[in-house]
file structure.cif (mmCIF, C-alpha atoms and all ligand atoms)
data_work
#
loop_
_atom_site.group_PDB
_atom_site.id
_atom_site.type_symbol
_atom_site.label_atom_id
_atom_site.label_comp_id
_atom_site.auth_asym_id
_atom_site.auth_seq_id
_atom_site.Cartn_x
_atom_site.Cartn_y
_atom_site.Cartn_z
ATOM 1 C CA MET A 28 -50.376 -95.863 145.794
ATOM 2 C CA ILE A 29 -46.648 -96.339 146.216
ATOM 3 C CA THR A 30 -44.673 -99.371 145.064
ATOM 4 C CA ILE A 31 -42.326 -100.871 147.635
ATOM 5 C CA GLU A 32 -39.491 -103.341 147.237
ATOM 6 C CA LYS A 33 -37.234 -105.118 149.707
ATOM 7 C CA ILE A 34 -33.574 -104.073 149.878
ATOM 8 C CA GLU A 35 -30.541 -105.572 151.597
ATOM 9 C CA LEU A 36 -28.462 -103.120 153.612
ATOM 10 C CA ARG A 37 -25.262 -103.319 155.634
ATOM 11 C CA CYS A 38 -24.701 -100.877 158.459
ATOM 12 C CA PRO A 39 -21.491 -98.888 157.924
ATOM 13 C CA VAL A 40 -21.144 -98.424 161.681
ATOM 14 C CA CYS A 41 -21.633 -101.916 163.155
ATOM 15 C CA GLU A 42 -21.621 -104.008 159.934
ATOM 16 C CA LYS A 43 -24.990 -105.602 160.720
ATOM 17 C CA GLU A 44 -26.693 -106.856 157.558
ATOM 18 C CA PHE A 45 -30.456 -106.436 157.463
ATOM 19 C CA GLN A 46 -33.440 -106.157 155.169
ATOM 20 C CA SER A 47 -35.523 -103.023 154.739
ATOM 21 C CA GLU A 48 -38.086 -101.661 152.292
ATOM 22 C CA LYS A 49 -37.861 -98.691 149.951
ATOM 23 C CA ILE A 50 -40.138 -96.887 147.494
ATOM 24 C CA VAL A 51 -39.468 -97.770 143.860
ATOM 25 C CA ASP A 52 -41.195 -94.968 141.947
ATOM 26 C CA LYS A 53 -41.789 -91.261 142.398
ATOM 27 C CA ILE A 54 -44.224 -90.572 145.246
ATOM 28 C CA PRO A 55 -47.655 -89.718 143.751
ATOM 29 C CA VAL A 56 -48.540 -86.630 145.834
ATOM 30 C CA TYR A 57 -52.052 -85.387 145.094
ATOM 31 C CA ARG A 58 -52.463 -82.592 147.630
ATOM 32 C CA LEU A 59 -50.722 -80.809 150.491
ATOM 33 C CA LYS A 60 -51.913 -79.873 153.947
ATOM 34 C CA THR A 61 -51.291 -76.296 155.070
ATOM 35 C CA ASP A 62 -48.081 -77.425 156.831
ATOM 36 C CA LEU A 63 -46.948 -78.832 153.426
ATOM 37 C CA HIS A 64 -47.597 -82.438 154.575
ATOM 38 C CA PRO A 65 -47.903 -84.320 151.253
ATOM 39 C CA GLN A 66 -50.788 -86.750 150.911
ATOM 40 C CA ILE A 67 -50.975 -89.736 148.585
ATOM 41 C CA LEU A 68 -54.051 -91.656 147.458
ATOM 42 C CA GLY A 69 -54.423 -95.022 149.213
ATOM 43 C CA GLY A 70 -51.812 -97.379 150.593
ATOM 44 C CA PRO A 71 -49.340 -96.803 153.422
ATOM 45 C CA SER A 72 -47.629 -93.494 154.157
ATOM 46 C CA PRO A 73 -44.367 -93.169 152.202
ATOM 47 C CA PHE A 74 -42.241 -91.637 154.970
ATOM 48 C CA GLN A 75 -41.456 -94.896 156.763
ATOM 49 C CA PHE A 76 -39.822 -96.243 153.580
ATOM 50 C CA MET A 77 -37.619 -93.217 152.831
ATOM 51 C CA ILE A 78 -35.047 -93.799 155.570
ATOM 52 C CA HIS A 79 -33.723 -97.014 157.131
ATOM 53 C CA THR A 80 -32.607 -97.903 160.638
ATOM 54 C CA CYS A 81 -29.972 -100.469 161.579
ATOM 55 C CA PRO A 82 -31.640 -102.951 163.968
ATOM 56 C CA GLU A 83 -28.387 -103.310 165.914
ATOM 57 C CA CYS A 84 -27.153 -99.773 166.637
ATOM 58 C CA GLY A 85 -29.947 -97.458 165.448
ATOM 59 C CA TYR A 86 -27.854 -95.808 162.702
ATOM 60 C CA THR A 87 -30.466 -94.180 160.427
ATOM 61 C CA LYS A 88 -30.015 -92.884 156.889
ATOM 62 C CA THR A 89 -31.452 -93.031 153.377
ATOM 63 C CA ALA A 90 -30.406 -96.109 151.383
ATOM 64 C CA ASP A 91 -27.443 -94.148 149.958
ATOM 65 C CA GLY A 92 -26.205 -93.525 153.490
ATOM 66 C CA PHE A 93 -25.654 -97.276 153.892
ATOM 67 C CA LYS A 94 -23.355 -97.509 150.892
ATOM 68 C CA GLN A 95 -20.178 -96.372 152.652
ATOM 69 C CA GLU A 96 -17.552 -98.977 153.415
ATOM 70 C CA PRO A 97 -17.514 -99.737 157.152
ATOM 71 C CA GLN A 98 -13.745 -99.432 157.552
ATOM 72 C CA THR A 99 -13.678 -95.973 155.976
ATOM 73 C CA TYR A 100 -16.898 -94.568 157.298
ATOM 74 C CA ALA A 101 -17.273 -95.752 160.842
ATOM 75 C CA ASN A 102 -15.353 -93.584 163.244
ATOM 76 C CA ILE A 103 -15.056 -93.645 166.969
ATOM 77 C CA ALA A 104 -16.795 -90.271 167.414
ATOM 78 C CA LEU A 105 -19.881 -91.461 165.515
ATOM 79 C CA VAL A 106 -19.974 -94.749 167.423
ATOM 80 C CA MET A 107 -19.736 -92.855 170.716
ATOM 81 C CA PHE A 108 -22.441 -90.444 169.592
ATOM 82 C CA LEU A 109 -24.798 -93.295 168.646
ATOM 83 C CA GLU A 110 -24.075 -95.064 171.948
ATOM 84 C CA SER A 111 -25.019 -91.978 173.946
ATOM 85 C CA GLU A 112 -27.823 -90.428 171.850
ATOM 86 C CA VAL A 113 -29.486 -93.074 169.682
ATOM 87 C CA THR A 114 -28.759 -96.699 170.545
ATOM 88 C CA PRO A 115 -30.004 -96.722 174.202
ATOM 89 C CA ARG A 116 -33.478 -95.454 173.275
ATOM 90 C CA PHE A 117 -33.518 -97.789 170.312
ATOM 91 C CA ARG A 118 -32.740 -100.769 172.566
ATOM 92 C CA TRP A 119 -35.311 -99.578 175.101
ATOM 93 C CA LEU A 120 -37.903 -99.611 172.317
ATOM 94 C CA ASN A 121 -36.820 -103.198 171.599
ATOM 95 C CA ASN A 122 -36.396 -102.499 167.875
ATOM 96 C CA SER A 123 -40.077 -101.506 167.497
ATOM 97 C CA ILE A 124 -39.118 -98.038 166.308
ATOM 98 C CA THR A 125 -41.844 -95.872 164.775
ATOM 99 C CA ALA A 126 -41.357 -93.738 161.660
ATOM 100 C CA SER A 127 -41.317 -90.546 163.778
ATOM 101 C CA GLU A 128 -38.585 -92.000 166.004
ATOM 102 C CA LYS A 129 -36.620 -92.942 162.899
ATOM 103 C CA TYR A 130 -36.745 -89.319 161.731
ATOM 104 C CA GLU A 131 -35.698 -88.090 165.170
ATOM 105 C CA ALA A 132 -32.655 -90.403 165.073
ATOM 106 C CA TYR A 133 -31.963 -89.308 161.482
ATOM 107 C CA ALA A 134 -32.080 -85.615 162.477
ATOM 108 C CA LYS A 135 -29.711 -86.210 165.408
ATOM 109 C CA ILE A 136 -27.222 -88.108 163.244
ATOM 110 C CA ARG A 137 -27.332 -85.533 160.419
ATOM 111 C CA GLU A 138 -26.828 -82.725 162.927
ATOM 112 C CA PHE A 139 -23.890 -84.575 164.484
ATOM 113 C CA GLU A 140 -22.398 -84.893 161.000
ATOM 114 C CA GLY A 141 -22.696 -81.142 160.461
ATOM 115 C CA ALA A 142 -25.911 -80.670 158.458
ATOM 116 C CA GLY A 143 -27.334 -77.150 158.745
ATOM 117 C CA PRO A 144 -30.590 -76.110 160.456
ATOM 118 C CA ARG A 145 -32.566 -76.029 157.176
ATOM 119 C CA ILE A 146 -31.993 -79.764 156.659
ATOM 120 C CA ILE A 147 -32.532 -80.693 160.304
ATOM 121 C CA ALA A 148 -35.794 -78.716 160.322
ATOM 122 C CA ASP A 149 -37.067 -80.777 157.367
ATOM 123 C CA HIS A 150 -36.351 -84.008 159.285
ATOM 124 C CA PHE A 151 -38.161 -82.755 162.409
ATOM 125 C CA LEU A 152 -41.103 -81.702 160.223
ATOM 126 C CA ALA A 153 -41.199 -85.195 158.689
ATOM 127 C CA ALA A 154 -41.160 -86.597 162.257
ATOM 128 C CA ALA A 155 -44.171 -84.385 163.083
ATOM 129 C CA TRP A 156 -46.023 -85.621 159.979
ATOM 130 C CA CYS A 157 -45.294 -89.218 161.001
ATOM 131 C CA CYS A 158 -46.671 -88.486 164.496
ATOM 132 C CA VAL A 159 -49.913 -87.271 162.868
ATOM 133 C CA GLU A 160 -50.132 -90.560 160.987
ATOM 134 C CA GLU A 161 -49.293 -92.479 164.212
ATOM 135 C CA GLY A 162 -51.968 -90.590 166.220
ATOM 136 C CA ASP A 163 -49.288 -89.257 168.597
ATOM 137 C CA THR A 164 -50.507 -85.722 169.415
ATOM 138 C CA GLU A 165 -47.844 -85.011 172.029
ATOM 139 C CA GLY A 166 -45.037 -86.098 169.700
ATOM 140 C CA GLU A 167 -46.547 -84.062 166.864
ATOM 141 C CA ARG A 168 -46.460 -80.867 168.945
ATOM 142 C CA TYR A 169 -42.929 -81.620 170.157
ATOM 143 C CA PHE A 170 -41.544 -82.063 166.648
ATOM 144 C CA ARG A 171 -43.482 -79.100 165.221
ATOM 145 C CA ARG A 172 -41.813 -76.869 167.827
ATOM 146 C CA LEU A 173 -38.370 -78.306 167.044
ATOM 147 C CA ALA A 174 -38.958 -77.832 163.296
ATOM 148 C CA ALA A 175 -40.150 -74.216 163.794
ATOM 149 C CA GLN A 176 -37.065 -73.413 165.887
ATOM 150 C CA LYS A 177 -34.689 -74.952 163.340
ATOM 151 C CA TYR A 178 -36.369 -73.138 160.416
ATOM 152 C CA HIS A 179 -36.044 -69.950 162.445
ATOM 153 C CA ASP A 180 -32.318 -70.665 162.891
ATOM 154 C CA ALA A 181 -31.989 -71.316 159.145
ATOM 155 C CA LEU A 182 -33.678 -68.003 158.278
ATOM 156 C CA ALA A 183 -31.605 -66.144 160.868
ATOM 157 C CA SER A 184 -28.360 -67.599 159.548
ATOM 158 C CA PHE A 185 -29.209 -66.667 155.938
ATOM 159 C CA ASP A 186 -28.804 -70.298 154.907
ATOM 160 C CA GLU A 187 -28.731 -70.310 151.106
ATOM 161 C CA MET A 188 -32.332 -70.013 149.966
ATOM 162 C CA GLU A 189 -34.230 -68.581 147.022
ATOM 163 C CA ILE A 190 -36.597 -65.672 147.747
ATOM 164 C CA ALA A 191 -39.695 -67.849 147.259
ATOM 165 C CA GLU A 192 -38.284 -70.531 149.556
ATOM 166 C CA THR A 193 -37.421 -67.951 152.221
ATOM 167 C CA PHE A 194 -41.008 -66.711 152.289
ATOM 168 C CA ALA A 195 -42.474 -70.228 152.059
ATOM 169 C CA ILE A 196 -40.478 -71.183 155.149
ATOM 170 C CA THR A 197 -41.464 -67.980 156.934
ATOM 171 C CA TYR A 198 -45.117 -68.895 156.282
ATOM 172 C CA LEU A 199 -44.441 -72.485 157.374
ATOM 173 C CA VAL A 200 -42.985 -71.349 160.708
ATOM 174 C CA GLY A 201 -46.180 -69.377 161.296
ATOM 175 C CA GLU A 202 -48.299 -72.383 160.394
ATOM 176 C CA LEU A 203 -46.273 -74.674 162.699
ATOM 177 C CA TRP A 204 -46.793 -72.300 165.629
ATOM 178 C CA ARG A 205 -50.504 -72.039 164.749
ATOM 179 C CA ARG A 206 -50.780 -75.818 164.777
ATOM 180 C CA VAL A 207 -49.233 -76.077 168.246
ATOM 181 C CA GLY A 208 -51.705 -73.466 169.507
ATOM 182 C CA ASP A 209 -49.404 -70.418 169.786
ATOM 183 C CA ASN A 210 -51.473 -67.965 167.755
ATOM 184 C CA ASN A 211 -49.442 -64.929 168.796
ATOM 185 C CA LYS A 212 -46.237 -66.368 167.354
ATOM 186 C CA ALA A 213 -48.160 -67.560 164.282
ATOM 187 C CA LEU A 214 -49.419 -64.027 163.581
ATOM 188 C CA VAL A 215 -45.927 -62.591 163.919
ATOM 189 C CA TRP A 216 -44.604 -64.978 161.264
ATOM 190 C CA PHE A 217 -47.571 -64.601 158.876
ATOM 191 C CA ASN A 218 -47.173 -60.823 159.126
ATOM 192 C CA LYS A 219 -43.462 -61.084 158.277
ATOM 193 C CA VAL A 220 -44.592 -62.405 154.872
ATOM 194 C CA LEU A 221 -47.428 -59.910 154.395
ATOM 195 C CA ALA A 222 -45.086 -56.996 155.163
ATOM 196 C CA PHE A 223 -43.355 -57.784 151.853
ATOM 197 C CA GLU A 224 -46.557 -58.493 149.915
ATOM 198 C CA SER A 225 -46.220 -55.624 147.423
ATOM 199 C CA ARG A 226 -42.670 -56.686 146.548
ATOM 200 C CA LEU A 227 -43.252 -60.421 146.041
ATOM 201 C CA GLY A 228 -43.691 -61.970 142.602
ATOM 202 C CA GLU A 229 -46.408 -64.262 141.267
ATOM 203 C CA ASP A 230 -44.491 -67.329 142.400
ATOM 204 C CA CYS A 231 -45.113 -66.181 145.984
ATOM 205 C CA GLN A 232 -48.839 -65.506 145.580
ATOM 206 C CA TRP A 233 -49.804 -68.874 147.092
ATOM 207 C CA ILE A 234 -47.750 -67.994 150.189
ATOM 208 C CA ILE A 235 -49.512 -64.646 150.612
ATOM 209 C CA ASP A 236 -52.913 -66.315 150.127
ATOM 210 C CA ALA A 237 -52.025 -69.055 152.638
ATOM 211 C CA CYS A 238 -50.879 -66.528 155.273
ATOM 212 C CA ARG A 239 -54.065 -64.511 154.909
ATOM 213 C CA LYS A 240 -56.276 -67.606 155.037
ATOM 214 C CA GLN A 241 -54.538 -69.141 158.071
ATOM 215 C CA MET A 242 -54.703 -65.815 159.948
ATOM 216 C CA THR A 243 -58.423 -65.310 159.436
ATOM 217 C CA ASN A 244 -60.134 -68.591 158.550
ATOM 218 C CA PRO A 245 -57.642 -71.470 158.958
ATOM 219 C CA THR A 246 -58.097 -74.600 156.881
ATOM 220 C CA GLU A 247 -56.456 -78.023 156.856
ATOM 221 C CA TRP A 248 -55.660 -78.113 153.144
ATOM 222 C CA LEU A 249 -53.577 -75.785 151.075
HETATM 223 ZN ZN ZN B 1 -25.552 -100.622 162.957
#

call {"tool": "encode", "arguments": {"input": "structure.cif", "output": "C-alpha cells"}}
result
Amino acid sequence: MITIEKIELRCPVCEKEFQSEKIVDKIPVYRLKTDLHPQILGGPSPFQFMIHTCPECGYTKTADGFKQEPQTYANIALVMFLESEVTPRFRWLNNSITASEKYEAYAKIREFEGAGPRIIADHFLAAAWCCVEEGDTEGERYFRRLAAQKYHDALASFDEMEIAETFAITYLVGELWRRVGDNNKALVWFNKVLAFESRLGEDCQWIIDACRKQMTNPTEWL
C-alpha cells in the first residue's frame, strides 16, 4: 500500500492555486512485469500521484516542478507551447484527465524544455503502464510504440548510460515491440543483447535470461 497526502500547488505558468495528492513514502514495489512495470500490493496505482496537472492550463510536472516563481519561470514560448499542444486537449477533456494523459502532457512539456530521448521514453512508458491500469488497449499500444522509438533514439545517440542499462533498454525495446505484436522487431532487439552474451557480466544475466524467455516462451512477469 502507498500512503498519500494532500498538497497545495501553484502553477508557475498561469498562477492557478490548486490541491493535488502525492505519495509520502517510498513505493513498495514487490515485483516487475517483463516490461519493467512495477507492481505494488493493494491500494491504488502510484503513477497518478507522481506528477501533477494544473487544472487551468494543463501544465504537468512533479511537485518540484511547481516550485518555480511564476515571474521567473513562465515564459511566452512555454505559454504558447501549452496553448497549442496541451491546454486545448485538456479543456476538451473538461479537466477529467487520466493518468496516461498526464504522462503524455508531461512528456511533451519535458521534450519542449529540452529533455533527451531517454527521459521522454520513460514518460511514454509510464503512460503505457497507466493505459494498462485504465483498460485502454489502444492507448497502451500507442505509448509502447512511442516509448520504443524514443529508447531507440536514446541508444542511437549514445545518451550517457551504463553498460547494464544499455542492455536492459535494448531488451526493453524488444519487449515493447513484442507487446504491440511486432514479433520480428522484438526478435531483432532480443538478438542484439544475445549477440553480446559472452561478454556481459553477472549483473546482465537477468537481461540475457529475459531475452531468451521472451523469445521462446513469453511470460507476463519478470
Ligand atoms: Zn496553469

call {"tool": "closest_residue", "arguments": {"input": "structure.cif", "among": "A:Ile67, A:Cys84, A:Ala148, A:Ile78", "to": "Phe117 in chain A", "atoms": "only C-alpha atoms"}}
result
A:Cys84

call {"tool": "resolve_selection", "arguments": {"input": "structure.cif", "expression": "the PyMOL selection byres (((chain A and resi 194) around 10) and not hetatm)", "output": "list of chain:residue names"}}
result
A:Leu182, A:Met188, A:Glu189, A:Ile190, A:Ala191, A:Glu192, A:Thr193, A:Ala195, A:Ile196, A:Thr197, A:Tyr198, A:Leu199, A:Val200, A:Trp216, A:Phe217, A:Lys219, A:Val220, A:Leu221, A:Phe223, A:Leu227, A:Cys231, A:Ile234, A:Ile235

call {"tool": "write_last_selection", "arguments": {"input": "structure.cif", "atoms": "C-alpha atoms", "output": "PDB file, in the coordinates of the input"}}
result
ATOM      1  CA  LEU A 182     -33.678 -68.003 158.278  1.00  0.00           C
ATOM      2  CA  MET A 188     -32.332 -70.013 149.966  1.00  0.00           C
ATOM      3  CA  GLU A 189     -34.230 -68.581 147.022  1.00  0.00           C
ATOM      4  CA  ILE A 190     -36.597 -65.672 147.747  1.00  0.00           C
ATOM      5  CA  ALA A 191     -39.695 -67.849 147.259  1.00  0.00           C
ATOM      6  CA  GLU A 192     -38.284 -70.531 149.556  1.00  0.00           C
ATOM      7  CA  THR A 193     -37.421 -67.951 152.221  1.00  0.00           C
ATOM      8  CA  ALA A 195     -42.474 -70.228 152.059  1.00  0.00           C
ATOM      9  CA  ILE A 196     -40.478 -71.183 155.149  1.00  0.00           C
ATOM     10  CA  THR A 197     -41.464 -67.980 156.934  1.00  0.00           C
ATOM     11  CA  TYR A 198     -45.117 -68.895 156.282  1.00  0.00           C
ATOM     12  CA  LEU A 199     -44.441 -72.485 157.374  1.00  0.00           C
ATOM     13  CA  VAL A 200     -42.985 -71.349 160.708  1.00  0.00           C
ATOM     14  CA  TRP A 216     -44.604 -64.978 161.264  1.00  0.00           C
ATOM     15  CA  PHE A 217     -47.571 -64.601 158.876  1.00  0.00           C
ATOM     16  CA  LYS A 219     -43.462 -61.084 158.277  1.00  0.00           C
ATOM     17  CA  VAL A 220     -44.592 -62.405 154.872  1.00  0.00           C
ATOM     18  CA  LEU A 221     -47.428 -59.910 154.395  1.00  0.00           C
ATOM     19  CA  PHE A 223     -43.355 -57.784 151.853  1.00  0.00           C
ATOM     20  CA  LEU A 227     -43.252 -60.421 146.041  1.00  0.00           C
ATOM     21  CA  CYS A 231     -45.113 -66.181 145.984  1.00  0.00           C
ATOM     22  CA  ILE A 234     -47.750 -67.994 150.189  1.00  0.00           C
ATOM     23  CA  ILE A 235     -49.512 -64.646 150.612  1.00  0.00           C
TER      24      ILE A 235
END

call {"tool": "resolve_selection", "arguments": {"input": "structure.cif", "expression": "the PyMOL selection byres (((chain A and resi 122-126) around 10) and not hetatm)", "output": "MDAnalysis selection string"}}
result
chainID A and resid 72:85 114 116:121 127:132 153:158 160:161

call {"tool": "closest_residue", "arguments": {"input": "structure.cif", "among": "A:Pro39, A:Ile103, A:Val159, A:Ala142", "to": "Asp91 in chain A", "atoms": "only C-alpha atoms"}}
result
A:Pro39

call {"tool": "closest_residue", "arguments": {"input": "structure.cif", "among": "A:Leu109, A:Pro65, A:Glu35, A:Thr89", "to": "ligand ZN 1 (chain B)", "atoms": "all atoms listed in the file"}}
result
A:Leu109

call {"tool": "atom_distance", "arguments": {"input": "structure.cif", "atom1": "CA of Asp236 in chain A", "atom2": "CA of Ile147 in chain A"}}
result
26.9 Å

call {"tool": "residues_around", "arguments": {"input": "structure.cif", "residues": "Ala181 in chain A", "least_positions_apart": "2", "cutoff": "9 Å", "atoms": "all atoms listed in the file", "output": "ChimeraX atom specification"}}
result
/A:143-146,148,176-179,183-187

call {"tool": "resolve_selection", "arguments": {"input": "structure.cif", "expression": "the PyMOL selection byres (((chain A and resi 172) around 12) and not hetatm)", "output": "number ranges by chain"}}
result
A: 148, 151-152, 154-155, 165-171, 173-179, 199-209, 212-213

call {"tool": "closest_residue", "arguments": {"input": "structure.cif", "among": "A:Val56, A:Leu36, A:Ala90, A:Ala104", "to": "ligand ZN 1 (chain B)", "atoms": "only C-alpha atoms and all ligand atoms"}}
result
A:Leu36

call {"tool": "closest_residue", "arguments": {"input": "structure.cif", "among": "A:Val51, A:Ile29, A:Leu68, A:Val113", "to": "ligand ZN 1 (chain B)", "atoms": "all atoms listed in the file"}}
result
A:Val113
